[in-house]
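Visitor: One file: start.txt (compact mmCIF, C-alpha atoms).
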```txt
# COMPACT_ATOMS: atom_id res chain seq x y z
CA MET A 180 120.75 150.09 103.11
CA PHE A 181 121.34 148.99 106.74
CA ARG A 182 119.52 151.83 108.51
CA SER A 183 117.36 149.45 110.59
CA LEU A 184 120.49 148.22 112.38
CA ALA A 185 120.74 151.59 114.10
CA GLY A 186 118.26 150.27 116.67
CA VAL A 187 119.85 148.12 119.38
CA ASN A 188 116.89 145.75 119.63
CA TYR A 189 116.93 145.01 115.92
CA ARG A 190 120.69 144.35 116.05
CA ILE A 191 120.23 141.87 118.90
CA TRP A 192 117.39 140.11 117.09
CA ALA A 193 119.20 140.02 113.74
CA ALA A 194 122.33 138.43 115.25
CA GLY A 195 120.40 135.62 116.93
CA ALA A 196 118.16 135.04 113.91
CA LEU A 197 121.15 134.75 111.56
CA VAL A 198 122.71 131.94 113.62
CA SER A 199 119.39 130.11 113.87
CA ASN A 200 118.72 130.52 110.14
CA VAL A 201 122.07 128.94 109.29
CA GLY A 202 121.12 125.91 111.38
CA THR A 203 117.67 125.73 109.79
CA TRP A 204 119.14 125.61 106.28
CA MET A 205 121.65 123.00 107.37
CA GLN A 206 118.84 120.77 108.63
CA ARG A 207 116.69 121.26 105.52
CA THR A 208 119.57 120.31 103.25
CA ALA A 209 120.56 117.23 105.27
CA GLN A 210 116.93 116.14 105.66
CA ASP A 211 116.22 116.27 101.93
CA TRP A 212 119.48 114.44 101.22
CA ILE A 213 118.85 111.47 103.51
CA VAL A 214 115.25 111.13 102.27
CA LEU A 215 116.36 111.14 98.65
CA THR A 216 119.51 109.01 98.88
CA GLN A 217 119.47 107.00 102.15
CA LEU A 218 115.86 106.33 103.11
CA THR A 219 114.59 105.95 99.52
CA HIS A 220 116.13 105.25 96.15
CA ASN A 221 116.13 108.75 94.62
CA ASN A 222 112.39 109.13 95.26
CA ALA A 223 111.50 112.78 94.59
CA ALA A 224 107.87 112.16 95.58
CA ALA A 225 109.05 111.25 99.10
CA VAL A 226 110.87 114.58 99.35
CA GLY A 227 107.69 116.28 98.18
CA PHE A 228 105.65 114.46 100.82
CA VAL A 229 108.05 115.59 103.56
CA MET A 230 107.62 119.17 102.35
CA ALA A 231 103.84 118.73 102.33
CA LEU A 232 103.85 117.54 105.95
CA GLN A 233 106.18 120.35 106.99
CA PHE A 234 104.22 123.17 105.38
CA GLY A 235 100.64 121.83 105.43
CA PRO A 236 99.90 122.98 109.00
CA GLN A 237 100.45 126.59 107.88
CA LEU A 238 97.14 126.30 106.02
CA LEU A 239 95.21 123.97 108.33
CA LEU A 240 95.95 125.98 111.50
CA LEU A 241 95.53 129.39 109.86
CA PRO A 242 92.66 130.76 112.03
CA VAL A 243 94.39 129.79 115.29
CA THR A 244 97.90 130.96 114.34
CA GLY A 245 96.69 134.34 113.10
CA TRP A 246 94.68 134.84 116.28
CA ALA A 247 97.73 133.95 118.40
CA ALA A 248 99.96 136.46 116.58
CA ASP A 249 97.49 139.29 117.16
CA HIS A 250 96.41 138.51 120.74
CA LEU A 251 99.43 136.96 122.53
CA ASP A 252 102.76 138.45 123.55
CA ARG A 253 104.83 137.82 120.43
CA ARG A 254 108.16 137.71 122.22
CA LYS A 255 106.98 134.99 124.60
CA LEU A 256 105.27 133.12 121.77
CA LEU A 257 108.51 133.12 119.77
CA MET A 258 110.47 131.84 122.75
CA ALA A 259 108.06 128.90 122.98
CA THR A 260 108.13 128.07 119.27
CA GLN A 261 111.89 128.45 118.86
CA GLY A 262 112.51 126.25 121.90
CA ALA A 263 110.14 123.59 120.58
CA MET A 264 111.87 123.54 117.17
CA GLY A 265 115.21 123.10 118.90
CA VAL A 266 113.86 120.06 120.79
CA LEU A 267 112.55 118.56 117.54
CA GLY A 268 115.92 119.03 115.85
CA LEU A 269 117.57 117.30 118.82
CA GLY A 270 115.19 114.35 118.61
CA LEU A 271 115.70 113.78 114.90
CA GLY A 272 119.45 114.17 115.33
CA LEU A 273 119.62 111.51 118.04
CA LEU A 274 117.59 109.05 115.94
CA THR A 275 119.87 109.62 112.96
CA VAL A 276 123.18 109.49 114.84
CA THR A 277 122.21 106.22 116.51
CA GLY A 278 121.32 104.73 113.13
CA VAL A 279 117.68 103.89 113.89
CA VAL A 280 116.03 106.60 111.81
CA GLU A 281 113.43 105.43 109.28
CA LEU A 282 111.42 107.28 106.68
CA TRP A 283 108.31 107.42 108.87
CA HIS A 284 110.36 109.08 111.61
CA VAL A 285 111.22 111.90 109.23
CA TYR A 286 107.54 112.20 108.27
CA VAL A 287 106.49 112.53 111.93
CA PHE A 288 109.16 115.10 112.76
CA ALA A 289 108.34 117.09 109.61
CA LEU A 290 104.68 117.24 110.65
CA LEU A 291 105.48 118.28 114.23
CA LEU A 292 107.91 120.92 112.99
CA GLY A 293 105.23 122.18 110.62
CA VAL A 294 102.74 122.60 113.48
CA VAL A 295 105.23 124.62 115.54
CA ALA A 296 106.35 126.66 112.53
CA ALA A 297 102.72 127.53 111.75
CA PHE A 298 102.59 129.48 115.03
CA ASP A 299 106.13 130.79 114.67
CA ALA A 300 105.91 132.29 111.16
CA PRO A 301 103.21 134.99 111.57
CA ALA A 302 104.53 135.95 115.02
CA ARG A 303 108.08 136.25 113.67
CA GLN A 304 106.99 138.27 110.65
CA THR A 305 104.95 140.75 112.67
CA PHE A 306 107.44 140.93 115.57
CA VAL A 307 109.65 143.06 113.31
CA SER A 308 107.15 145.92 113.71
CA GLU A 309 107.86 145.84 117.47
CA LEU A 310 111.59 146.24 116.83
CA VAL A 311 111.46 148.86 114.06
CA THR A 312 108.79 151.41 113.22
CA GLY A 313 107.98 154.07 110.65
CA PRO A 314 109.85 154.28 107.32
CA ASN A 315 112.49 151.78 108.47
CA LEU A 316 109.99 148.90 108.62
CA SER A 317 110.33 148.12 104.92
CA ASN A 318 114.11 148.14 105.28
CA ALA A 319 113.91 145.77 108.26
CA VAL A 320 111.70 143.33 106.34
CA ALA A 321 114.20 143.32 103.46
CA LEU A 322 117.16 142.85 105.83
CA ASN A 323 115.35 139.92 107.44
CA SER A 324 115.15 138.34 104.00
CA ALA A 325 118.81 139.12 103.36
CA SER A 326 119.73 137.45 106.65
CA PHE A 327 117.61 134.40 105.84
CA ASN A 328 119.25 134.04 102.45
CA ALA A 329 122.74 134.77 103.72
CA ALA A 330 122.13 131.77 105.95
CA ARG A 331 121.01 129.84 102.88
CA LEU A 332 124.33 130.79 101.30
CA LEU A 333 126.32 129.25 104.15
CA GLY A 334 124.01 126.58 105.60
CA PRO A 335 123.63 124.18 102.64
CA ALA A 336 127.33 124.28 101.80
CA VAL A 337 128.28 123.46 105.40
CA ALA A 338 125.56 120.81 105.59
CA GLY A 339 126.79 119.17 102.39
CA LEU A 340 130.36 118.97 103.70
CA LEU A 341 129.32 117.73 107.14
CA THR A 342 126.88 115.18 105.72
CA ALA A 343 129.61 113.75 103.53
CA ALA A 344 132.16 113.80 106.38
CA VAL A 345 130.30 112.77 109.56
CA GLY A 346 126.68 112.14 108.55
CA ALA A 347 123.37 113.99 108.58
CA GLY A 348 122.65 113.26 112.24
CA TRP A 349 125.33 115.66 113.44
CA VAL A 350 123.89 118.35 111.18
CA PHE A 351 120.52 117.97 112.94
CA LEU A 352 122.20 118.22 116.35
CA ILE A 353 124.07 121.39 115.36
CA ASN A 354 120.78 122.89 114.16
CA ALA A 355 119.20 122.14 117.55
CA ALA A 356 122.03 124.04 119.27
CA THR A 357 121.62 127.11 117.02
CA PHE A 358 118.15 127.81 118.40
CA GLY A 359 119.90 128.82 121.60
CA ALA A 360 121.16 131.94 119.83
CA VAL A 361 117.70 133.28 118.99
CA LEU A 362 116.41 132.38 122.48
CA ILE A 363 119.25 134.39 124.03
CA SER A 364 118.50 137.33 121.73
CA LEU A 365 114.82 137.28 122.72
CA MET A 366 115.72 137.24 126.41
CA THR A 367 118.22 140.12 126.12
CA LEU A 368 116.02 142.52 124.16
CA ARG A 369 115.41 145.89 125.84
CA ARG A 370 111.72 145.47 126.45
CA GLU A 371 111.17 149.11 127.37
CA GLN A 372 112.28 150.06 123.84
CA LEU A 373 109.90 147.72 122.03
CA TYR A 374 107.22 149.42 119.89
CA ARG A 375 104.21 147.71 121.39
CA THR A 376 101.09 147.91 119.24
CA GLU A 377 97.55 147.76 120.54
CA ARG A 378 96.49 144.14 120.92
CA ALA A 379 93.38 143.12 119.02
CA LYS A 380 90.26 142.89 121.17
CA ARG A 381 88.81 139.43 121.71
CA THR A 382 85.52 139.78 119.90
CA ARG A 383 83.21 137.26 118.35
CA GLY A 384 84.11 136.76 114.71
CA GLY A 385 87.66 137.97 115.26
CA LEU A 386 89.09 134.91 113.54
CA VAL A 387 87.43 135.75 110.22
CA GLU A 388 88.00 139.50 110.43
CA GLY A 389 91.35 139.09 108.67
CA PHE A 390 89.66 137.38 105.71
CA ARG A 391 87.09 140.15 105.47
CA TYR A 392 89.82 142.76 105.50
CA VAL A 393 91.77 141.01 102.74
CA ARG A 394 88.64 140.63 100.62
CA ARG A 395 88.20 144.43 100.66
CA ARG A 396 91.79 144.97 99.45
CA PRO A 397 92.24 144.06 95.76
CA ASP A 398 95.94 144.92 95.95
CA ILE A 399 96.52 142.37 98.72
CA MET A 400 94.30 139.83 96.94
CA VAL A 401 96.43 139.94 93.79
CA ILE A 402 99.61 139.59 95.85
CA LEU A 403 98.18 136.51 97.58
CA ILE A 404 97.21 134.91 94.27
CA MET A 405 100.68 135.52 92.82
CA VAL A 406 102.36 134.20 95.97
CA PHE A 407 100.11 131.11 95.90
CA LEU A 408 101.01 130.25 92.31
CA ILE A 409 104.75 130.62 92.78
CA GLY A 410 104.82 129.25 96.34
CA THR A 411 102.85 126.15 95.32
CA PHE A 412 104.54 125.20 92.06
CA GLY A 413 107.69 127.33 91.86
CA LEU A 414 109.44 127.42 95.23
CA ASN A 415 110.04 123.66 95.42
CA PHE A 416 113.81 124.09 95.39
CA PRO A 417 114.56 121.01 97.52
CA ILE A 418 113.00 118.90 94.76
CA PHE A 419 114.41 120.89 91.84
CA ILE A 420 117.98 121.10 93.08
CA SER A 421 118.28 117.63 94.65
CA THR A 422 116.89 115.78 91.62
CA MET A 423 118.86 117.83 89.10
CA SER A 424 122.03 117.30 91.15
CA VAL A 425 121.61 113.55 91.69
CA THR A 426 119.79 112.18 88.64
CA VAL A 427 120.81 114.63 85.90
CA PHE A 428 124.35 115.69 86.82
CA HIS A 429 125.20 112.65 89.06
CA GLN A 430 126.77 114.71 91.84
CA GLY A 431 127.24 114.02 95.57
CA ALA A 432 126.16 115.68 98.82
CA GLY A 433 128.81 118.42 98.69
CA GLU A 434 127.87 119.50 95.17
CA TYR A 435 124.18 119.41 96.09
CA GLY A 436 124.77 121.76 99.02
CA LEU A 437 126.86 124.02 96.80
CA LEU A 438 123.97 124.48 94.36
CA SER A 439 121.71 125.72 97.15
CA SER A 440 124.41 128.15 98.23
CA VAL A 441 124.92 129.43 94.68
CA MET A 442 121.21 130.18 94.36
CA ALA A 443 121.40 131.96 97.72
CA ILE A 444 123.91 134.39 96.19
CA GLY A 445 121.14 135.65 93.94
CA SER A 446 118.67 135.67 96.85
CA VAL A 447 120.98 137.82 98.99
CA VAL A 448 121.48 140.25 96.10
CA GLY A 449 117.72 140.48 95.58
CA ALA A 450 117.10 141.11 99.28
CA LEU A 451 119.80 143.78 99.53
CA LEU A 452 118.47 145.57 96.47
CA SER A 453 115.04 145.58 98.13
CA ALA A 454 116.61 147.00 101.31
CA ARG A 455 117.89 150.00 99.35
CA ARG A 456 114.35 151.08 98.49
CA GLU A 457 112.50 153.26 100.96
CA ARG A 458 109.24 151.42 100.28
CA PRO A 459 108.28 148.34 98.23
CA ARG A 460 107.18 149.02 94.66
CA VAL A 461 104.22 147.00 93.43
CA ALA A 462 105.54 146.95 89.84
CA LEU A 463 108.49 144.84 91.04
CA LEU A 464 106.06 142.03 91.84
CA PHE A 465 105.20 141.58 88.20
CA VAL A 466 108.78 141.98 86.99
CA GLY A 467 110.01 139.51 89.61
CA ALA A 468 107.37 136.93 88.65
CA ALA A 469 108.24 137.13 84.94
CA LEU A 470 111.98 136.89 85.63
CA PHE A 471 111.38 133.92 87.94
CA GLY A 472 109.56 132.12 85.13
CA ALA A 473 112.40 132.90 82.74
CA GLY A 474 115.06 131.83 85.24
CA CYS A 475 113.46 128.44 85.93
CA THR A 476 112.98 127.83 82.22
CA ILE A 477 116.61 128.65 81.45
CA ALA A 478 117.84 126.48 84.33
CA ALA A 479 115.71 123.56 83.11
CA VAL A 480 117.58 123.38 79.79
CA MET A 481 121.14 123.96 81.02
CA PRO A 482 123.38 121.08 79.82
CA THR A 483 126.05 121.14 82.54
CA TYR A 484 126.23 121.39 86.32
CA TRP A 485 127.98 124.78 86.36
CA LEU A 486 125.70 126.39 83.77
CA PHE A 487 122.75 125.18 85.82
CA ALA A 488 124.34 126.76 88.90
CA ILE A 489 124.73 130.10 87.12
CA ALA A 490 121.08 130.03 86.03
CA LEU A 491 120.06 129.51 89.66
CA ILE A 492 121.48 132.96 90.49
CA LEU A 493 118.78 134.56 88.33
CA VAL A 494 116.18 132.36 90.00
CA GLY A 495 117.43 133.55 93.40
CA VAL A 496 117.41 137.26 92.52
CA SER A 497 113.94 137.17 90.99
CA SER A 498 112.27 135.01 93.65
CA GLN A 499 113.69 137.13 96.47
CA THR A 500 112.70 140.41 94.77
CA LEU A 501 109.16 139.09 94.40
CA MET A 502 108.79 137.71 97.93
CA THR A 503 110.45 140.62 99.73
CA THR A 504 108.29 143.12 97.85
CA ALA A 505 105.14 141.09 98.55
CA ASN A 506 105.94 140.73 102.25
CA GLY A 507 106.83 144.40 102.69
CA THR A 508 103.77 145.64 100.81
CA VAL A 509 101.36 143.54 102.84
CA GLN A 510 102.94 144.48 106.19
CA MET A 511 103.26 148.22 105.51
CA THR A 512 99.73 148.72 104.18
CA THR A 513 97.83 146.57 106.69
CA ASP A 514 96.12 147.96 109.79
CA PRO A 515 98.47 147.01 112.69
CA VAL A 516 95.56 145.59 114.74
CA LEU A 517 94.96 143.04 111.96
CA ARG A 518 98.57 142.59 110.88
CA GLY A 519 99.06 139.25 112.62
CA ARG A 520 95.99 137.69 111.05
CA VAL A 521 96.74 139.08 107.60
CA MET A 522 100.35 137.86 107.79
CA ALA A 523 99.08 134.46 108.93
CA ILE A 524 96.95 134.35 105.78
CA TYR A 525 99.95 135.43 103.73
CA MET A 526 102.24 132.77 105.25
CA ALA A 527 99.56 130.08 104.98
CA ILE A 528 99.11 130.78 101.28
CA PHE A 529 102.86 131.10 100.76
CA MET A 530 103.71 127.85 102.55
CA GLY A 531 100.32 126.12 102.62
CA GLY A 532 100.26 125.48 98.90
CA THR A 533 103.27 123.19 99.30
CA PRO A 534 101.16 120.13 100.28
CA VAL A 535 99.48 120.47 96.89
CA GLY A 536 102.40 121.53 94.74
CA ALA A 537 105.34 119.55 96.15
CA PRO A 538 103.86 116.07 95.55
CA ILE A 539 102.79 117.10 92.06
CA VAL A 540 106.22 118.51 91.23
CA GLY A 541 107.85 115.42 92.75
CA TRP A 542 105.65 113.17 90.61
CA VAL A 543 106.57 115.16 87.50
CA ALA A 544 110.27 114.78 88.38
CA ASP A 545 109.92 111.01 88.87
CA THR A 546 107.74 110.45 85.77
CA PHE A 547 109.06 112.91 83.19
CA GLY A 548 112.38 114.00 84.66
CA PRO A 549 113.69 116.89 86.79
CA ARG A 550 113.92 119.26 83.82
CA TRP A 551 110.15 119.06 83.31
CA ALA A 552 109.64 119.67 87.03
CA MET A 553 111.63 122.90 86.74
CA GLY A 554 109.49 123.75 83.74
CA VAL A 555 106.44 123.61 86.02
CA GLY A 556 108.18 126.17 88.23
CA GLY A 557 108.80 128.40 85.21
CA ALA A 558 105.14 128.18 84.19
CA SER A 559 104.09 129.29 87.69
CA GLY A 560 106.17 132.45 87.32
CA PHE A 561 104.65 133.35 83.96
CA ALA A 562 101.13 132.63 85.29
CA ALA A 563 101.71 134.92 88.29
CA ALA A 564 102.96 137.67 85.98
CA LEU A 565 99.76 137.39 83.92
CA VAL A 566 97.68 137.73 87.10
CA GLY A 567 99.61 140.90 87.85
CA VAL A 568 98.95 142.30 84.38
CA PHE A 569 95.23 141.55 84.80
CA TYR A 570 95.25 143.54 88.06
CA LEU A 571 96.99 146.50 86.40
CA VAL A 572 94.46 146.49 83.57
CA LYS A 573 91.39 146.25 85.83
CA TYR A 574 92.39 148.41 88.78
CA ARG A 575 95.22 150.62 87.59
CA GLY A 576 93.98 151.40 84.07
CA LEU A 577 96.91 149.78 82.22
CA ARG A 578 96.64 150.48 78.50
CA VAL A 579 98.90 149.93 75.50
CA ARG A 580 98.56 152.65 72.89
CA PHE A 581 100.35 152.87 69.57
CA SER A 582 101.99 156.11 68.57
CA GLY A 583 103.00 155.58 64.97
CA MET A 584 104.66 152.15 64.98
CA ARG A 585 105.75 152.28 68.65
CA PRO A 586 103.68 150.87 71.51
CA ARG A 587 103.37 153.08 74.59
CA VAL A 588 102.30 151.67 77.96
CA THR A 589 100.35 153.92 80.32
CA VAL A 590 99.04 153.20 83.82
CA ASN A 591 96.37 155.40 85.34
CA ALA A 592 95.04 154.19 88.67
CA ARG A 593 91.30 154.37 89.08
CA GLU A 594 90.43 157.11 91.51
CA GLU A 595 88.54 154.94 93.99
CA VAL A 596 91.36 152.38 94.20
CA ARG A 597 93.99 155.11 94.57
CA GLU A 598 92.04 156.71 97.42
CA GLU A 599 91.46 153.37 99.13
CA LEU A 600 95.14 152.49 99.07
CA ALA A 601 96.18 155.97 100.21
CA ASP A 602 93.76 155.86 103.15
CA THR A 603 94.92 152.39 104.14
CA GLU A 604 98.60 153.32 104.00
CA ALA A 605 97.97 156.51 105.98
CA THR A 606 96.15 154.52 108.68
CA ALA A 607 98.95 151.96 108.88
CA THR A 608 101.57 154.73 109.18
CA ARG A 609 99.70 156.63 111.91
CA THR A 610 99.13 153.54 114.06
CA SER A 611 102.56 151.94 113.62
```
Written as structure tokens, that's how I'd like the structure from this file.

Guide:
Amino acid sequence: MFRSLAGVNYRIWAAGALVSNVGTWMQRTAQDWIVLTQLTHNNAAAVGFVMALQFGPQLLLLPVTGWAADHLDRRKLLMATQGAMGVLGLGLGLLTVTGVVELWHVYVFALLLGVVAAFDAPARQTFVSELVTGPNLSNAVALNSASFNAARLLGPAVAGLLTAAVGAGWVFLINAATFGAVLISLMTLRREQLYRTERAKRTRGGLVEGFRYVRRRPDIMVILIMVFLIGTFGLNFPIFISTMSVTVFHQGAGEYGLLSSVMAIGSVVGALLSARRERPRVALLFVGAALFGAGCTIAAVMPTYWLFAIALILVGVSSQTLMTTANGTVQMTTDPVLRGRVMAIYMAIFMGGTPVGAPIVGWVADTFGPRWAMGVGGASGFAAALVGVFYLVKYRGLRVRFSGMRPRVTVNAREEVREELADTEATATRTS
């Protein structure tokens, strides 16, 4: 399960990233809390707008960020982006501690953070292939997700306690300090042991080459559509959890942070289960999407705070199974020369749908109530599962036959699709 940690470079990176991820989740929790309860009067649409500003640049800057991940030194690029995010956390923290922060300040910092994160995300995702290679790459991707969600387990709970005790400003300042850990890890990596891949050549039309590659891959296309549906309308947990906690169950900052941590229990379990598998299994995408829809629907109707918390565990397991499998499949089957651009497309679709979905989900929460907003998340999971079934029917020959009174499901991949995927995977393995 932890075989990627055998490499010293991955151990160094994982340690620094874990500390930084804890700080990131602390800031997200505190930021959503002050927007919802201090800078507005329980306005879920304002939280959605902050999310839109923070994740919108992933989509708008897609051609540039993908190009940067494939052509620039990823280690140096990450040092620049991580340092910039630390400075932004420091700025917002100082404004909040001194008591002068206003809603528009949060909007500006969210937008600036989104611009920096747009360059950071594809570089960080593809940098894993320089730390780990071969069959351990899938394990490393899953462990990255486990680390991220282990931080989500600790970060929101700590943020809730600190926000209630000393205020959100100190949470932002602590987050700024945590970026020092990942900067130290990047500086202490053994550069001679990095698995450097051939940098993409600077050719005319290089920016759109990633889109052409994705268009020729129906398996990646279906993953992107599923990720778009769930990322846009389903992964709006800051809205779901904050509004359910405050307006439905009438809880405070500590209880709000606890809900995020409880859901992270399921996310960590989902990531660790993915780490046990030698390679991602495409069928888990469809199972994960369906279970995500069911989990959100169940959570939406839970009558008490603690039953809602328990339902969030299923949401965490299913969403993490889906996203880890999607991420691993795309990375492992993509030509390394194009991996940065393809992962930029993946991250842009994953995060870039938030400017569309978050305001809509926030409006639903304000107009019809938080339970209906969670229902929108459930519908996104079921819609993604249907997209997956359509792919299996068209490209993998999915059929349901009846033997007597019992249905029997068979899947026979079409020969040309099977050969295309096999050739692509073989190319990715040889050049990794």

Visitor: Name the closest residue to Thr305 (chain A) among the candidates A:Ser326, A:Thr513, A:Thr504, A:Thr357; distances are taken between atoms, counting only C-alpha atoms.

Guide: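 Once distances to Thr305 (chain A) are computed over only C-alpha atoms, the minimum belongs to A:Thr513.
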
Visitor: Determine the nearest neighbour of Ala488 (chain A) from the options A:Ser364, A:Ser439, A:Thr476, A:Thr503, counting all atoms listed in the file.

Guide: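 Of all the options, A:Ser439 lies closest to Ala488 (chain A).
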
Visitor: Pick out the residues sitting within 10 Å of Ser440 (chain A), and hand them over as a ChimeraX atom specification; count all atoms listed in the file, and ignore anything fewer than 4 positions along from it in its own chain.

Guide: /A:204,328-337,434-436,444-446,488,491-492

Visitor: So, counting all atoms listed in the file, which residue among A:Gly359, A:Pro534, A:Gly235, A:Gly567 is closest to Gly293 (chain A)?

Guide: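 Residue with the minimum atom-to-atom distance to Gly293 (chain A): A:Gly235.
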
Visitor: Which residues are close to region 267-272 of chain A, i.e. within 7 Å by only C-alpha atoms, leaving aside same-chain residues fewer than 2 positions away? Reply as a PyMOL selection string.

Guide: chain A and resi 263-265+274-276+288+292+348-349+351-352+354-355

Visitor: So how far away is CA of Trp542 (chain A) from CA of Leu282 (chain A), in Å?

Guide: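 Answer for the CA of Leu282 (chain A) to CA of Trp542 (chain A) separation: 18.1 Å.
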
Visitor: Pick the closest to Tyr574 (chain A) from A:Met530, A:Leu437, A:Met400, A:Ala469: which is it, counting all atoms listed in the file?

Guide: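 Going through A:Met530, A:Leu437, A:Met400, A:Ala469 one by one, the smallest distance to Tyr574 (chain A) is for A:Met400.
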
Visitor: Which of these residues is nearest to Ala297 (chain A), using all atoms listed in the file: A:Val226, A:Leu256, A:Val494, A:Leu316?

Guide: A:Leu256

Visitor: Give as a ChimeraX atom specification each residue that has an atom at most 7 Å from (92.4, 136.1, 110.7) in the file, counting all atoms listed in the file.

Guide: /A:242,245-246,385-390,520-521,524

Visitor: Need the neighbours of (99.4, 135.4, 90.8): which residues are at most 9 Å away, counting all atoms listed in the file, as a count of residues only?

Guide: 20

Visitor: Just the number, please: distance in Å from CA of Thr244 (chain A) to CA of His284 (chain A), one decimal.

Guide: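 A separation of 25.3 Å between them.
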
Visitor: Go through A:Ser308, A:Leu438, A:Thr219, A:Val294 one by one, measure the shortest atom-to-atom distance of each to Asp514 (chain A) using all atoms listed in the file, and give the residue with the smallest value.

Guide: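 Between A:Ser308, A:Leu438, A:Thr219, A:Val294, the residue approaching Asp514 (chain A) most closely is A:Ser308.
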
Visitor: Report, in Å to a single decimal, how far apart CA of Leu238 (chain A) and CA of Gly413 (chain A) are.

Guide: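 Calculated distance between CA of Gly413 (chain A) and CA of Leu238 (chain A) is 17.7 Å.
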
Visitor: List as JSON, numbers by chain the protein and nucleic acid residues near Leu215 (chain A), meaning an atom at most 10 Å away when only C-alpha atoms are counted, but skip any in the same chain fewer than 2 places from it.

Guide: {"A": [209, 210, 211, 212, 213, 217, 218, 219, 220, 221, 222, 223, 224, 225, 226, 418, 421, 422, 425]}

Visitor: Tell me which protein, DNA and RNA residues are within 12 Å of Ile191 (chain A), counting all atoms listed in the file, leaving out same-chain ones fewer than 5 positions away, and put them as number ranges by chain.

Guide: A: 183-186, 196-198, 310, 360-370

Visitor: Would you fill out region 238-243 of chain A with all heavy atoms and return it as a PDB file, in the coordinates of the input?

Guide:
```
ATOM      1  N   LEU A 238      98.471 126.057 106.562  1.00  0.00           N
ATOM      2  CA  LEU A 238      97.140 126.300 106.020  1.00  0.00           C
ATOM      3  C   LEU A 238      96.059 125.788 106.956  1.00  0.00           C
ATOM      4  O   LEU A 238      95.071 126.476 107.220  1.00  0.00           O
ATOM      5  CB  LEU A 238      97.022 125.622 104.653  1.00  0.00           C
ATOM      6  CG  LEU A 238      95.755 125.887 103.849  1.00  0.00           C
ATOM      7  CD1 LEU A 238      95.602 127.370 103.560  1.00  0.00           C
ATOM      8  CD2 LEU A 238      95.778 125.093 102.551  1.00  0.00           C
ATOM      9  N   LEU A 239      96.247 124.594 107.501  1.00  0.00           N
ATOM     10  CA  LEU A 239      95.210 123.970 108.330  1.00  0.00           C
ATOM     11  C   LEU A 239      94.986 124.726 109.642  1.00  0.00           C
ATOM     12  O   LEU A 239      93.858 124.785 110.140  1.00  0.00           O
ATOM     13  CB  LEU A 239      95.596 122.517 108.624  1.00  0.00           C
ATOM     14  CG  LEU A 239      95.682 121.582 107.410  1.00  0.00           C
ATOM     15  CD1 LEU A 239      96.152 120.195 107.829  1.00  0.00           C
ATOM     16  CD2 LEU A 239      94.327 121.496 106.711  1.00  0.00           C
ATOM     17  N   LEU A 240      96.045 125.295 110.202  1.00  0.00           N
ATOM     18  CA  LEU A 240      95.950 125.980 111.500  1.00  0.00           C
ATOM     19  C   LEU A 240      95.817 127.488 111.355  1.00  0.00           C
ATOM     20  O   LEU A 240      95.956 128.219 112.349  1.00  0.00           O
ATOM     21  CB  LEU A 240      97.182 125.649 112.355  1.00  0.00           C
ATOM     22  CG  LEU A 240      97.373 124.176 112.705  1.00  0.00           C
ATOM     23  CD1 LEU A 240      98.689 123.970 113.464  1.00  0.00           C
ATOM     24  CD2 LEU A 240      96.203 123.657 113.536  1.00  0.00           C
ATOM     25  N   LEU A 241      95.538 127.957 110.152  1.00  0.00           N
ATOM     26  CA  LEU A 241      95.530 129.390 109.860  1.00  0.00           C
ATOM     27  C   LEU A 241      94.696 130.232 110.839  1.00  0.00           C
ATOM     28  O   LEU A 241      95.196 131.224 111.380  1.00  0.00           O
ATOM     29  CB  LEU A 241      95.054 129.616 108.426  1.00  0.00           C
ATOM     30  CG  LEU A 241      94.752 131.049 108.002  1.00  0.00           C
ATOM     31  CD1 LEU A 241      95.997 131.913 108.146  1.00  0.00           C
ATOM     32  CD2 LEU A 241      94.250 131.089 106.565  1.00  0.00           C
ATOM     33  N   PRO A 242      93.430 129.879 111.129  1.00  0.00           N
ATOM     34  CA  PRO A 242      92.660 130.760 112.030  1.00  0.00           C
ATOM     35  C   PRO A 242      93.280 130.884 113.414  1.00  0.00           C
ATOM     36  O   PRO A 242      93.297 131.962 114.004  1.00  0.00           O
ATOM     37  CB  PRO A 242      91.289 130.053 112.093  1.00  0.00           C
ATOM     38  CG  PRO A 242      91.222 129.213 110.865  1.00  0.00           C
ATOM     39  CD  PRO A 242      92.631 128.746 110.624  1.00  0.00           C
ATOM     40  N   VAL A 243      93.831 129.778 113.940  1.00  0.00           N
ATOM     41  CA  VAL A 243      94.390 129.790 115.290  1.00  0.00           C
ATOM     42  C   VAL A 243      95.712 130.547 115.323  1.00  0.00           C
ATOM     43  O   VAL A 243      95.977 131.334 116.247  1.00  0.00           O
ATOM     44  CB  VAL A 243      94.581 128.352 115.808  1.00  0.00           C
ATOM     45  CG1 VAL A 243      95.122 128.358 117.232  1.00  0.00           C
ATOM     46  CG2 VAL A 243      93.278 127.589 115.735  1.00  0.00           C
TER      47      VAL A 243
END
```
